[in-house]
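Undergrad: Below you'll find final12.txt; it's compact mmCIF, C-alpha atoms (C1' of nucleotides).
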```
# COMPACT_ATOMS: atom_id res chain seq x y z
CA MET N 1 0.00 0.00 0.00
CA ILE N 2 2.80 2.44 0.89
CA ASP N 3 4.54 1.48 -2.31
CA GLN N 4 1.46 2.07 -4.43
CA LEU N 5 1.06 5.54 -2.92
CA TYR N 6 4.74 6.34 -3.25
CA GLN N 7 4.59 5.47 -6.95
CA TYR N 8 1.40 7.42 -7.37
CA PHE N 9 2.45 10.67 -5.71
CA ASN N 10 5.89 10.75 -7.24
CA ARG N 11 4.26 11.02 -10.64
CA TYR N 12 3.38 14.55 -9.57
CA VAL N 13 5.99 15.83 -7.14
CA PRO N 14 9.07 14.22 -5.59
CA PHE N 15 8.27 13.01 -2.08
CA SER N 16 10.56 11.23 0.35
CA HIS N 17 9.62 7.82 1.67
CA GLN N 18 9.29 9.41 5.05
CA GLU N 19 6.74 11.91 3.82
CA ILE N 20 4.68 9.16 2.26
CA ASP N 21 4.85 7.33 5.57
CA VAL N 22 3.37 10.36 7.30
CA LEU N 23 0.70 10.55 4.64
CA CYS N 24 -0.08 6.86 5.06
CA SER N 25 -0.52 7.25 8.79
CA CYS N 26 -3.37 9.65 8.05
CA LEU N 27 -5.21 7.26 5.75
CA GLU N 28 -7.84 4.83 6.85
CA GLN N 29 -8.42 1.72 4.79
CA LYS N 30 -12.07 0.92 4.23
CA THR N 31 -13.81 -1.76 2.22
CA TYR N 32 -17.23 -1.56 0.66
CA THR N 33 -19.21 -4.46 -0.73
CA ARG N 34 -21.01 -4.17 -4.06
CA LYS N 35 -23.82 -1.59 -3.86
CA ALA N 36 -22.63 -0.12 -0.55
CA PHE N 37 -22.58 3.67 -0.37
CA LEU N 38 -19.48 5.76 0.28
CA LEU N 39 -21.64 8.89 0.30
CA LYS N 40 -25.38 9.53 0.21
CA GLU N 41 -27.45 12.52 -0.75
CA GLY N 42 -27.80 14.93 2.15
CA ASP N 43 -24.58 13.86 3.86
CA ILE N 44 -21.57 16.12 3.99
CA CYS N 45 -18.63 14.58 2.17
CA LYS N 46 -15.86 14.47 4.76
CA ASP N 47 -13.29 12.39 2.86
CA LYS N 48 -11.34 12.01 -0.32
CA TYR N 49 -11.16 8.33 -1.27
CA PHE N 50 -8.19 6.84 -3.07
CA ILE N 51 -9.34 3.65 -4.76
CA THR N 52 -6.80 0.86 -4.39
CA GLU N 53 -9.10 -1.80 -5.78
CA GLY N 54 -12.56 -1.84 -7.25
CA LEU N 55 -14.92 0.49 -9.04
CA VAL N 56 -17.34 3.15 -7.84
CA ARG N 57 -19.85 5.45 -9.49
CA THR N 58 -20.94 8.99 -8.66
CA PHE N 59 -24.54 9.72 -9.58
CA ARG N 60 -27.52 11.87 -8.77
CA ILE N 61 -31.24 11.16 -8.79
CA ASP N 62 -33.31 13.75 -10.62
CA ASN N 63 -36.81 14.92 -9.74
CA LYS N 64 -38.33 12.18 -11.90
CA GLY N 65 -36.43 9.54 -9.94
CA ILE N 66 -33.97 8.80 -12.74
CA GLU N 67 -30.32 8.13 -11.93
CA HIS N 68 -27.65 10.04 -13.85
CA ILE N 69 -24.08 8.81 -13.51
CA LEU N 70 -21.62 11.71 -13.58
CA LEU N 71 -18.41 9.73 -13.40
CA PHE N 72 -16.82 6.45 -12.49
CA GLY N 73 -13.76 5.94 -10.32
CA ILE N 74 -11.31 3.07 -10.72
CA GLU N 75 -8.01 1.97 -9.22
CA ASN N 76 -5.52 4.80 -8.60
CA TRP N 77 -8.12 7.53 -8.88
CA TRP N 78 -9.37 9.82 -6.18
CA VAL N 79 -13.09 10.10 -5.79
CA THR N 80 -15.03 12.61 -3.72
CA ASN N 81 -17.82 15.10 -4.07
CA THR N 82 -15.60 18.14 -4.54
CA GLU N 83 -18.44 20.58 -4.05
CA SER N 84 -19.62 19.04 -0.78
CA PHE N 85 -16.07 18.42 0.46
CA THR N 86 -14.62 21.86 -0.17
CA ARG N 87 -17.66 23.91 0.81
CA VAL N 88 -18.84 21.63 3.65
CA GLN N 89 -22.31 21.44 2.14
CA PRO N 90 -24.81 18.55 2.02
CA SER N 91 -24.19 16.41 -1.03
CA HIS N 92 -26.73 16.10 -3.81
CA LEU N 93 -24.72 13.18 -5.19
CA TYR N 94 -24.36 9.54 -4.25
CA ILE N 95 -21.10 7.62 -4.40
CA GLN N 96 -21.62 3.87 -4.54
CA ALA N 97 -19.44 0.79 -4.98
CA VAL N 98 -20.15 -0.99 -8.27
CA GLU N 99 -17.74 -3.81 -7.40
CA ASN N 100 -16.38 -4.78 -4.01
CA THR N 101 -14.05 -1.89 -3.41
CA THR N 102 -11.14 -1.01 -1.16
CA VAL N 103 -10.26 2.64 -0.59
CA LEU N 104 -7.92 4.72 1.50
CA ALA N 105 -9.96 7.46 3.12
CA LEU N 106 -8.35 10.83 3.78
CA SER N 107 -10.46 13.11 5.96
CA LYS N 108 -10.63 16.84 5.45
CA ARG N 109 -9.26 17.41 8.95
CA LYS N 110 -6.23 15.18 8.37
CA LEU N 111 -5.69 16.65 4.94
CA GLU N 112 -5.49 20.18 6.35
CA GLN N 113 -2.88 18.99 8.84
CA LEU N 114 -0.93 17.32 6.06
CA TYR N 115 -0.95 20.44 3.91
CA ALA N 116 0.71 22.29 6.80
CA GLN N 117 3.20 19.49 7.38
CA ILE N 118 4.10 18.59 3.79
CA PRO N 119 3.82 21.71 1.62
CA GLN N 120 4.40 19.92 -1.69
CA LEU N 121 1.21 17.97 -1.03
CA GLU N 122 -0.67 21.15 -1.82
CA ARG N 123 1.02 21.09 -5.21
CA ALA N 124 0.27 17.41 -5.77
CA PHE N 125 -3.43 17.91 -5.09
CA ARG N 126 -3.51 20.97 -7.29
CA MET N 127 -2.18 18.81 -10.11
CA ILE N 128 -4.58 15.97 -9.32
CA THR N 129 -7.46 18.45 -9.38
CA GLU N 130 -6.24 19.78 -12.71
CA ASN N 131 -6.34 16.26 -14.09
CA MET N 132 -9.87 15.80 -12.84
CA LEU N 133 -10.83 19.07 -14.52
CA VAL N 134 -9.29 17.97 -17.80
CA ALA N 135 -11.20 14.69 -17.62
CA ALA N 136 -14.50 16.45 -16.88
CA LEU N 137 -14.05 18.89 -19.76
CA ARG N 138 -13.12 16.05 -22.10
CA HIS N 139 -16.33 14.28 -21.19
CA LEU N 140 -18.28 17.47 -21.85
CA GLU N 141 -16.63 17.79 -25.25
CA PHE N 142 -17.53 14.27 -26.23
CA ARG N 143 -21.11 14.76 -25.25
CA GLN N 144 -21.32 17.99 -27.22
CA GLN N 145 -19.90 16.72 -30.44
CA MET N 146 -20.87 13.07 -30.61
CA ASN N 147 -24.28 11.51 -30.83
CA ASN N 148 -25.08 8.54 -28.65
CA GLU N 149 -23.89 5.93 -31.10
CA GLU N 150 -20.54 7.65 -31.62
CA MET N 151 -20.05 8.00 -27.86
CA TYR N 152 -20.72 4.32 -27.32
CA ARG N 153 -18.30 3.23 -30.03
CA HIS N 154 -15.74 5.66 -28.68
CA ILE N 155 -15.90 4.37 -25.14
CA VAL N 156 -15.80 0.75 -26.24
CA GLN N 157 -12.71 1.47 -28.27
CA GLU N 158 -10.90 3.60 -25.71
CA LEU N 159 -11.76 1.65 -22.58
CA PRO N 160 -12.58 -1.90 -23.66
CA GLY N 161 -11.77 -3.43 -20.27
CA PHE N 162 -13.88 -0.89 -18.48
CA VAL N 163 -17.04 -1.62 -20.45
CA GLN N 164 -16.88 -5.24 -19.30
CA ARG N 165 -16.87 -4.23 -15.64
CA VAL N 166 -19.98 -2.08 -15.72
CA PRO N 167 -23.60 -3.20 -16.21
CA GLN N 168 -25.03 -1.94 -19.43
CA TYR N 169 -27.70 0.21 -17.86
CA MET N 170 -24.99 2.13 -15.96
CA LEU N 171 -23.08 2.73 -19.15
CA ALA N 172 -26.29 4.05 -20.69
CA SER N 173 -26.81 6.37 -17.74
CA TYR N 174 -23.22 7.62 -17.97
CA LEU N 175 -23.62 8.29 -21.69
CA GLY N 176 -26.93 10.04 -21.06
CA MET N 177 -29.27 7.70 -22.89
CA THR N 178 -31.90 5.12 -22.01
CA PRO N 179 -30.90 1.47 -21.55
CA GLU N 180 -33.34 0.54 -24.32
CA HIS N 181 -31.63 2.85 -26.73
CA LEU N 182 -28.18 1.56 -25.90
CA SER N 183 -29.44 -1.96 -26.43
CA ALA N 184 -30.77 -0.99 -29.85
CA LEU N 185 -27.46 0.65 -30.77
CA ARG N 186 -25.51 -2.46 -29.86
CA LYS N 187 -27.72 -4.53 -32.11
CA ASN N 188 -26.77 -2.48 -35.20
CA LYS N 189 -23.48 -4.32 -35.51
CA MET U 1 -5.88 46.55 -10.71
CA ILE U 2 -3.85 45.65 -7.64
CA ASP U 3 -6.91 46.20 -5.54
CA GLN U 4 -9.05 43.96 -7.70
CA LEU U 5 -6.49 41.16 -7.41
CA TYR U 6 -6.05 41.68 -3.69
CA GLN U 7 -9.78 41.33 -3.19
CA TYR U 8 -9.90 38.33 -5.46
CA PHE U 9 -7.07 36.30 -3.94
CA ASN U 10 -8.02 37.04 -0.37
CA ARG U 11 -11.29 35.22 -0.97
CA TYR U 12 -9.16 32.07 -0.98
CA VAL U 13 -6.10 32.59 1.22
CA PRO U 14 -4.83 35.58 3.19
CA PHE U 15 -2.12 37.38 1.23
CA SER U 16 -0.22 40.50 2.21
CA HIS U 17 -0.33 43.57 0.02
CA GLN U 18 3.34 43.02 -0.62
CA GLU U 19 2.75 39.52 -1.95
CA ILE U 20 0.05 40.76 -4.28
CA ASP U 21 2.49 43.42 -5.47
CA VAL U 22 4.98 40.69 -6.36
CA LEU U 23 2.23 38.79 -8.13
CA CYS U 24 1.22 41.89 -10.03
CA SER U 25 4.75 42.47 -11.25
CA CYS U 26 4.54 39.08 -12.99
CA LEU U 27 1.32 39.87 -14.81
CA GLU U 28 1.13 41.41 -18.22
CA GLN U 29 -1.94 43.36 -19.18
CA LYS U 30 -3.24 42.59 -22.65
CA THR U 31 -6.26 43.76 -24.56
CA TYR U 32 -8.10 41.90 -27.27
CA THR U 33 -10.68 43.34 -29.59
CA ARG U 34 -13.89 41.49 -30.35
CA LYS U 35 -13.16 38.23 -32.22
CA ALA U 36 -9.42 38.31 -31.51
CA PHE U 37 -7.92 35.00 -30.41
CA LEU U 38 -6.16 34.46 -27.10
CA LEU U 39 -5.32 30.92 -28.18
CA LYS U 40 -5.68 28.99 -31.42
CA GLU U 41 -5.79 25.31 -32.23
CA GLY U 42 -2.29 23.88 -32.55
CA ASP U 43 -0.67 26.49 -30.31
CA ILE U 44 0.66 25.62 -26.90
CA CYS U 45 -1.18 27.51 -24.19
CA LYS U 46 1.54 29.34 -22.29
CA ASP U 47 -0.60 31.57 -20.06
CA LYS U 48 -3.42 31.70 -17.60
CA TYR U 49 -5.58 34.76 -18.27
CA PHE U 50 -7.37 36.63 -15.53
CA ILE U 51 -10.22 38.57 -17.11
CA THR U 52 -10.53 42.05 -15.69
CA GLU U 53 -13.06 43.18 -18.24
CA GLY U 54 -14.90 41.55 -21.10
CA LEU U 55 -16.05 38.12 -22.13
CA VAL U 56 -14.32 35.22 -23.89
CA ARG U 57 -15.36 31.80 -25.14
CA THR U 58 -13.48 28.51 -25.30
CA PHE U 59 -14.56 26.30 -28.18
CA ARG U 60 -13.45 23.56 -30.50
CA ILE U 61 -14.24 22.85 -34.12
CA ASP U 62 -15.30 19.28 -34.83
CA ASN U 63 -14.53 17.23 -37.92
CA LYS U 64 -17.72 18.50 -39.59
CA GLY U 65 -16.56 22.08 -39.11
CA ILE U 66 -19.09 22.83 -36.39
CA GLU U 67 -18.07 24.97 -33.40
CA HIS U 68 -18.82 23.68 -29.91
CA ILE U 69 -18.47 26.14 -27.04
CA LEU U 70 -17.18 24.44 -23.91
CA LEU U 71 -17.28 27.39 -21.56
CA PHE U 72 -17.38 31.14 -21.28
CA GLY U 73 -15.15 33.33 -19.14
CA ILE U 74 -16.21 36.64 -17.63
CA GLU U 75 -14.78 39.24 -15.27
CA ASN U 76 -12.87 37.81 -12.31
CA TRP U 77 -12.50 34.37 -13.84
CA TRP U 78 -9.36 32.65 -14.98
CA VAL U 79 -9.39 31.19 -18.42
CA THR U 80 -6.84 28.86 -19.97
CA ASN U 81 -6.64 25.55 -21.74
CA THR U 82 -5.73 23.50 -18.69
CA GLU U 83 -4.77 20.47 -20.73
CA SER U 84 -2.45 22.34 -23.07
CA PHE U 85 -1.06 24.54 -20.28
CA THR U 86 -0.23 21.82 -17.77
CA ARG U 87 1.01 19.19 -20.22
CA VAL U 88 2.67 21.59 -22.67
CA GLN U 89 0.73 20.10 -25.56
CA PRO U 90 -0.72 21.71 -28.68
CA SER U 91 -4.22 22.95 -27.99
CA HIS U 92 -7.25 21.51 -29.76
CA LEU U 93 -9.29 24.42 -28.40
CA TYR U 94 -9.66 28.05 -29.37
CA ILE U 95 -10.05 30.89 -26.89
CA GLN U 96 -11.57 33.98 -28.43
CA ALA U 97 -12.78 37.37 -27.21
CA VAL U 98 -16.54 37.75 -27.59
CA GLU U 99 -16.42 41.37 -26.41
CA ASN U 100 -13.44 43.70 -26.28
CA THR U 101 -11.57 42.16 -23.41
CA THR U 102 -8.78 43.07 -21.03
CA VAL U 103 -6.85 40.33 -19.29
CA LEU U 104 -3.86 39.92 -17.02
CA ALA U 105 -1.66 37.22 -18.51
CA LEU U 106 0.35 35.00 -16.18
CA SER U 107 2.89 32.86 -17.99
CA LYS U 108 3.73 29.33 -16.93
CA ARG U 109 7.35 30.34 -16.34
CA LYS U 110 6.43 33.25 -14.07
CA LEU U 111 3.84 31.14 -12.30
CA GLU U 112 6.43 28.49 -11.41
CA GLN U 113 8.64 31.22 -9.96
CA LEU U 114 5.75 32.61 -7.97
CA TYR U 115 4.85 29.20 -6.55
CA ALA U 116 8.38 29.00 -5.17
CA GLN U 117 8.26 32.55 -3.84
CA ILE U 118 4.74 32.64 -2.39
CA PRO U 119 3.81 29.13 -1.19
CA GLN U 120 0.17 29.96 -0.39
CA LEU U 121 -0.32 30.73 -4.07
CA GLU U 122 -0.18 27.00 -4.67
CA ARG U 123 -3.11 26.69 -2.31
CA ALA U 124 -5.04 29.50 -3.95
CA PHE U 125 -4.73 27.95 -7.38
CA ARG U 126 -5.68 24.55 -6.01
CA MET U 127 -8.88 26.12 -4.73
CA ILE U 128 -9.47 28.01 -7.98
CA THR U 129 -9.03 24.76 -9.90
CA GLU U 130 -11.47 23.05 -7.56
CA ASN U 131 -14.02 25.73 -8.35
CA MET U 132 -13.49 25.23 -12.05
CA LEU U 133 -13.99 21.50 -11.57
CA VAL U 134 -17.22 22.05 -9.66
CA ALA U 135 -18.47 24.34 -12.43
CA ALA U 136 -17.60 21.82 -15.14
CA LEU U 137 -19.35 18.98 -13.31
CA ARG U 138 -22.39 21.16 -12.69
CA HIS U 139 -22.60 21.85 -16.40
CA LEU U 140 -22.37 18.13 -17.11
CA GLU U 141 -25.17 17.45 -14.65
CA PHE U 142 -27.44 19.99 -16.24
CA ARG U 143 -26.87 18.55 -19.66
CA GLN U 144 -27.59 15.05 -18.42
CA GLN U 145 -30.82 15.76 -16.68
CA MET U 146 -32.40 18.64 -18.57
CA ASN U 147 -33.64 18.78 -22.11
CA ASN U 148 -32.75 21.75 -24.28
CA GLU U 149 -35.78 23.79 -23.36
CA GLU U 150 -35.21 23.33 -19.63
CA MET U 151 -31.54 24.25 -20.01
CA TYR U 152 -32.41 27.43 -21.85
CA ARG U 153 -34.99 28.51 -19.28
CA HIS U 154 -32.54 27.65 -16.53
CA ILE U 155 -29.73 29.73 -17.92
CA VAL U 156 -32.00 32.70 -18.65
CA GLN U 157 -33.24 32.59 -15.09
CA GLU U 158 -29.88 32.07 -13.40
CA LEU U 159 -27.77 34.38 -15.55
CA PRO U 160 -30.11 36.93 -17.10
CA GLY U 161 -27.40 39.53 -17.63
CA PHE U 162 -25.12 37.02 -19.27
CA VAL U 163 -27.64 35.96 -21.92
CA GLN U 164 -27.81 39.56 -23.13
CA ARG U 165 -24.07 39.71 -23.72
CA VAL U 166 -23.80 36.63 -25.93
CA PRO U 167 -25.13 36.19 -29.47
CA GLN U 168 -27.86 33.61 -29.62
CA TYR U 169 -25.99 31.20 -31.83
CA MET U 170 -23.22 31.02 -29.24
CA LEU U 171 -25.71 30.27 -26.51
CA ALA U 172 -27.11 27.50 -28.72
CA SER U 173 -23.62 26.11 -29.23
CA TYR U 174 -22.92 26.22 -25.50
CA LEU U 175 -26.18 24.41 -24.77
CA GLY U 176 -25.43 21.84 -27.45
CA MET U 177 -28.28 22.56 -29.85
CA THR U 178 -28.72 24.18 -33.24
CA PRO U 179 -29.42 27.92 -33.52
CA GLU U 180 -32.63 27.09 -35.39
CA HIS U 181 -33.86 24.97 -32.54
CA LEU U 182 -33.08 27.60 -29.92
CA SER U 183 -34.93 30.12 -32.01
CA ALA U 184 -37.95 27.83 -32.11
CA LEU U 185 -37.81 27.32 -28.33
CA ARG U 186 -37.77 31.04 -27.69
CA LYS U 187 -40.87 31.45 -29.80
CA ASN U 188 -42.91 29.11 -27.60
CA LYS U 189 -43.38 31.84 -25.00
C1' DC X 1 -26.76 53.11 -47.36
C1' DG X 2 -25.26 48.52 -48.39
C1' DA X 3 -23.13 44.13 -47.30
C1' DA X 4 -22.50 40.68 -44.14
C1' DA X 5 -24.00 38.35 -40.18
C1' DA X 6 -27.58 36.75 -37.19
C1' DT X 7 -32.08 35.20 -36.55
C1' DT X 8 -36.45 33.32 -37.92
C1' DT X 9 -39.51 30.28 -40.41
C1' DG X 10 -41.33 26.03 -42.22
C1' DA X 11 -41.16 21.35 -44.39
C1' DC X 12 -39.22 17.23 -43.74
C1' DA X 13 -36.10 13.52 -41.87
C1' DT X 14 -34.16 11.11 -38.12
C1' DG X 15 -32.64 10.19 -33.59
C1' DA X 16 -34.09 9.23 -29.15
C1' DC X 17 -37.62 8.34 -25.58
C1' DT X 18 -41.72 5.93 -23.54
C1' DC X 19 -44.16 2.12 -22.48
C1' DA X 20 -45.30 -2.48 -22.28
C1' DA X 21 -44.22 -7.06 -23.13
C1' DC X 22 -40.98 -10.63 -23.52
C1' DT X 23 -36.46 -13.31 -22.83
C1' DG X 24 -32.84 -15.14 -20.38
C1' DG X 25 -29.82 -15.79 -16.65
C1' DA X 26 -28.36 -15.55 -11.60
C1' DG X 27 -29.45 -16.38 -7.25
C1' DT X 28 -32.34 -18.43 -3.55
C1' DG X 29 -35.06 -21.38 -0.82
C1' DG X 30 -37.53 -25.58 -0.47
C1' DC O 1 -31.50 -30.14 -7.86
C1' DC O 2 -35.58 -27.95 -9.28
C1' DA O 3 -38.88 -24.20 -9.36
C1' DC O 4 -39.42 -19.56 -8.50
C1' DT O 5 -38.31 -14.85 -8.41
C1' DC O 6 -35.88 -10.92 -9.60
C1' DC O 7 -33.18 -8.23 -12.42
C1' DA O 8 -30.86 -7.03 -16.66
C1' DG O 9 -31.33 -6.88 -21.24
C1' DT O 10 -34.05 -7.02 -25.63
C1' DT O 11 -37.75 -5.97 -28.84
C1' DG O 12 -41.17 -3.29 -31.24
C1' DA O 13 -44.82 0.26 -31.86
C1' DG O 14 -45.95 4.80 -31.40
C1' DT O 15 -44.63 9.55 -30.13
C1' DC O 16 -41.87 13.49 -29.29
C1' DA O 17 -37.69 16.16 -29.58
C1' DT O 18 -34.26 17.75 -32.30
C1' DG O 19 -31.60 18.15 -36.53
C1' DT O 20 -31.19 19.42 -41.60
C1' DC O 21 -31.75 22.29 -45.26
C1' DA O 22 -33.19 26.20 -47.83
C1' DA O 23 -35.17 30.53 -47.91
C1' DA O 24 -36.93 34.84 -45.98
C1' DT O 25 -36.26 38.46 -42.74
C1' DT O 26 -34.01 41.32 -39.47
C1' DT O 27 -30.08 43.32 -37.32
C1' DT O 28 -25.46 44.95 -37.10
C1' DC O 29 -21.72 47.44 -38.49
C1' DG O 30 -18.49 49.43 -41.68
```
Output the file's structure in the form of structure tokens.

TA:
Amino acid sequence: MIDQLYQYFNRYVPFSHQEIDVLCSCLEQKTYTRKAFLLKEGDICKDKYFITEGLVRTFRIDNKGIEHILLFGIENWWVTNTESFTRVQPSHLYIQAVENTTVLALSKRKLEQLYAQIPQLERAFRMITENMLVAALRHLEFRQQMNNEEMYRHIVQELPGFVQRVPQYMLASYLGMTPEHLSALRKNK
Amino acid sequence: MIDQLYQYFNRYVPFSHQEIDVLCSCLEQKTYTRKAFLLKEGDICKDKYFITEGLVRTFRIDNKGIEHILLFGIENWWVTNTESFTRVQPSHLYIQAVENTTVLALSKRKLEQLYAQIPQLERAFRMITENMLVAALRHLEFRQQMNNEEMYRHIVQELPGFVQRVPQYMLASYLGMTPEHLSALRKNK
DNA sequence: CGAAAATTTGACATGACTCAACTGGAGTGG
DNA sequence: CCACTCCAGTTGAGTCATGTCAAATTTTCG
């Protein structure tokens, strides 16, 4: 676990082993079984979760009761509700394990301490946040310029392993279409 | 100008007037007339732009030649191509002035120096990036759960002043629909 | 004033959704 | 080990939302 984190953080900023040790001591390992919730609507998101194994989804339920998946999180990604976490507001999003999932939870309180103790960590999380922003804008771009069929073909091509791990109706929700429509698309070749 | 920046940055982290002075000395004021480009496809984005006055749009041109507006930037927002800026890659996006616009340009080189000189700046830009991420995810949510008509009514209600400043075809592009369709929507009341 | 750009209009085509019914497989309890 | 249930996925008919294209009209700006 320490090794995985050391590798991960040194992609951004050089850290000493000792600093990663300190970081590790602030992390709490948690496991969630399939369908368990890391965060529910109305709760305040108090942690950032680093996924060491598994797969989670972040979604909201609209006023018609329909789920919309905003993003998925897989191994070596951080997942959190940034809005709820940074502004200490009740979440309107759910975060749920799609597979049995193991995460390292980093609480806001511990993170603030770590920022004071290890200044480069501020830089690392700035860069991580930038990457999340790039990913979100990319997703927006795809949705603007592709129709549903093109998006489906694109995701199958780019992330073939990922598509296997996710039920089809979740993929439909992520792509912003109905499960029926995705099913029909798949049939056309 | 120094005052505007002092106000702005102190919303995130406390800075001294002296630190903001140092920051200011690294900024270069630039003006762009309507339709001038801050960044073109293929160029590497070397600056973050803080908009002190005016309005810009970030868009891409797809393989059919159609423009898709990803986001707008107004007064007191930073605009850049995060992907091109952070990874030093050619941009696939354009940034263009919609109105005559004045910005303070902060180059990547100067920014790196400033990070070393004023450590809390790292924190401020982490928080600014978090805000940009929240905004991008919000936009994604709206597009997932609203149809075009709902999105239009929403944006008119939330940002009435903004709608006045932008030509209708740009609003249509931002909302991901054709200008003809937006025109038809507006007619229905 | 005149040209170019933006917006509107309408006919038509197509993509996507809704709803309801059906199929098939995975798990569960008897 | 079978029968049952539940859930995911498929299918098809009908409807609605949105796009396409071409033309007319209005607005903007030099």

Undergrad: Which centre and edge lengths in Å to one decimal define the box along x, y and z that fits every listed atom of region 14-22 of chain O plus 3 Å per side, as AutoDock Vina command-line options?

TA:
```
--center_x -38.6 --center_y 15.5 --center_z -38.6 --size_x 20.8 --size_y 27.4 --size_z 24.5
```

Undergrad: As an exercise, work out the distance from C1' of DG14 (chain O) to CA of Gln144 (chain U) in Å and give it to one decimal place.

TA: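 Interatomic distance here is 24.7 Å.
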
Undergrad: Each residue of chain X with at least one atom at most 12 Å from chain U should appear once, together with its nearest atom pair and the corresponding distance in Å (one decimal); atoms considered: all atoms listed in the file; ordering: chain, then increasing residue number; output as a Markdown table.

TA:
```
| residue | atom | partner | partner_atom | distance |
| --- | --- | --- | --- | --- |
| X:DA5 | C1' | U:Pro167 | CA | 11.0 |
| X:DA6 | C1' | U:Tyr169 | CA | 7.9 |
| X:DT7 | C1' | U:Ser183 | CA | 7.4 |
| X:DT8 | C1' | U:Ser183 | CA | 6.9 |
| X:DT9 | C1' | U:Ala184 | CA | 8.8 |
| X:DG10 | C1' | U:Ala184 | CA | 10.8 |
| X:DA16 | C1' | U:Asn147 | CA | 11.9 |
| X:DC17 | C1' | U:Asn147 | CA | 11.7 |
```

Undergrad: Output as a list of chain:residue names the set of chain O residues within 12 Å of chain N, with distances taken over all atoms listed in the file.

TA: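 Per the criterion, chain O yields O:DC7, O:DA8, O:DG9, O:DT10, O:DT11, O:DG12, O:DT18, O:DG19.
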
Undergrad: With 7 Å as the limit and counting all atoms listed in the file, what residues in chain N lie close to chain U? Please list them as a PyMOL selection string.

TA: chain N and resi 62+68+70+82-83+122-123+126+129-130+133-134+136-137+140-141+144-145+176

Undergrad: Just give me the gap between CA of Thr102 (chain N) and CA of Glu53 (chain N) in Å, one decimal is fine.

TA: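 A separation of 5.1 Å between them.
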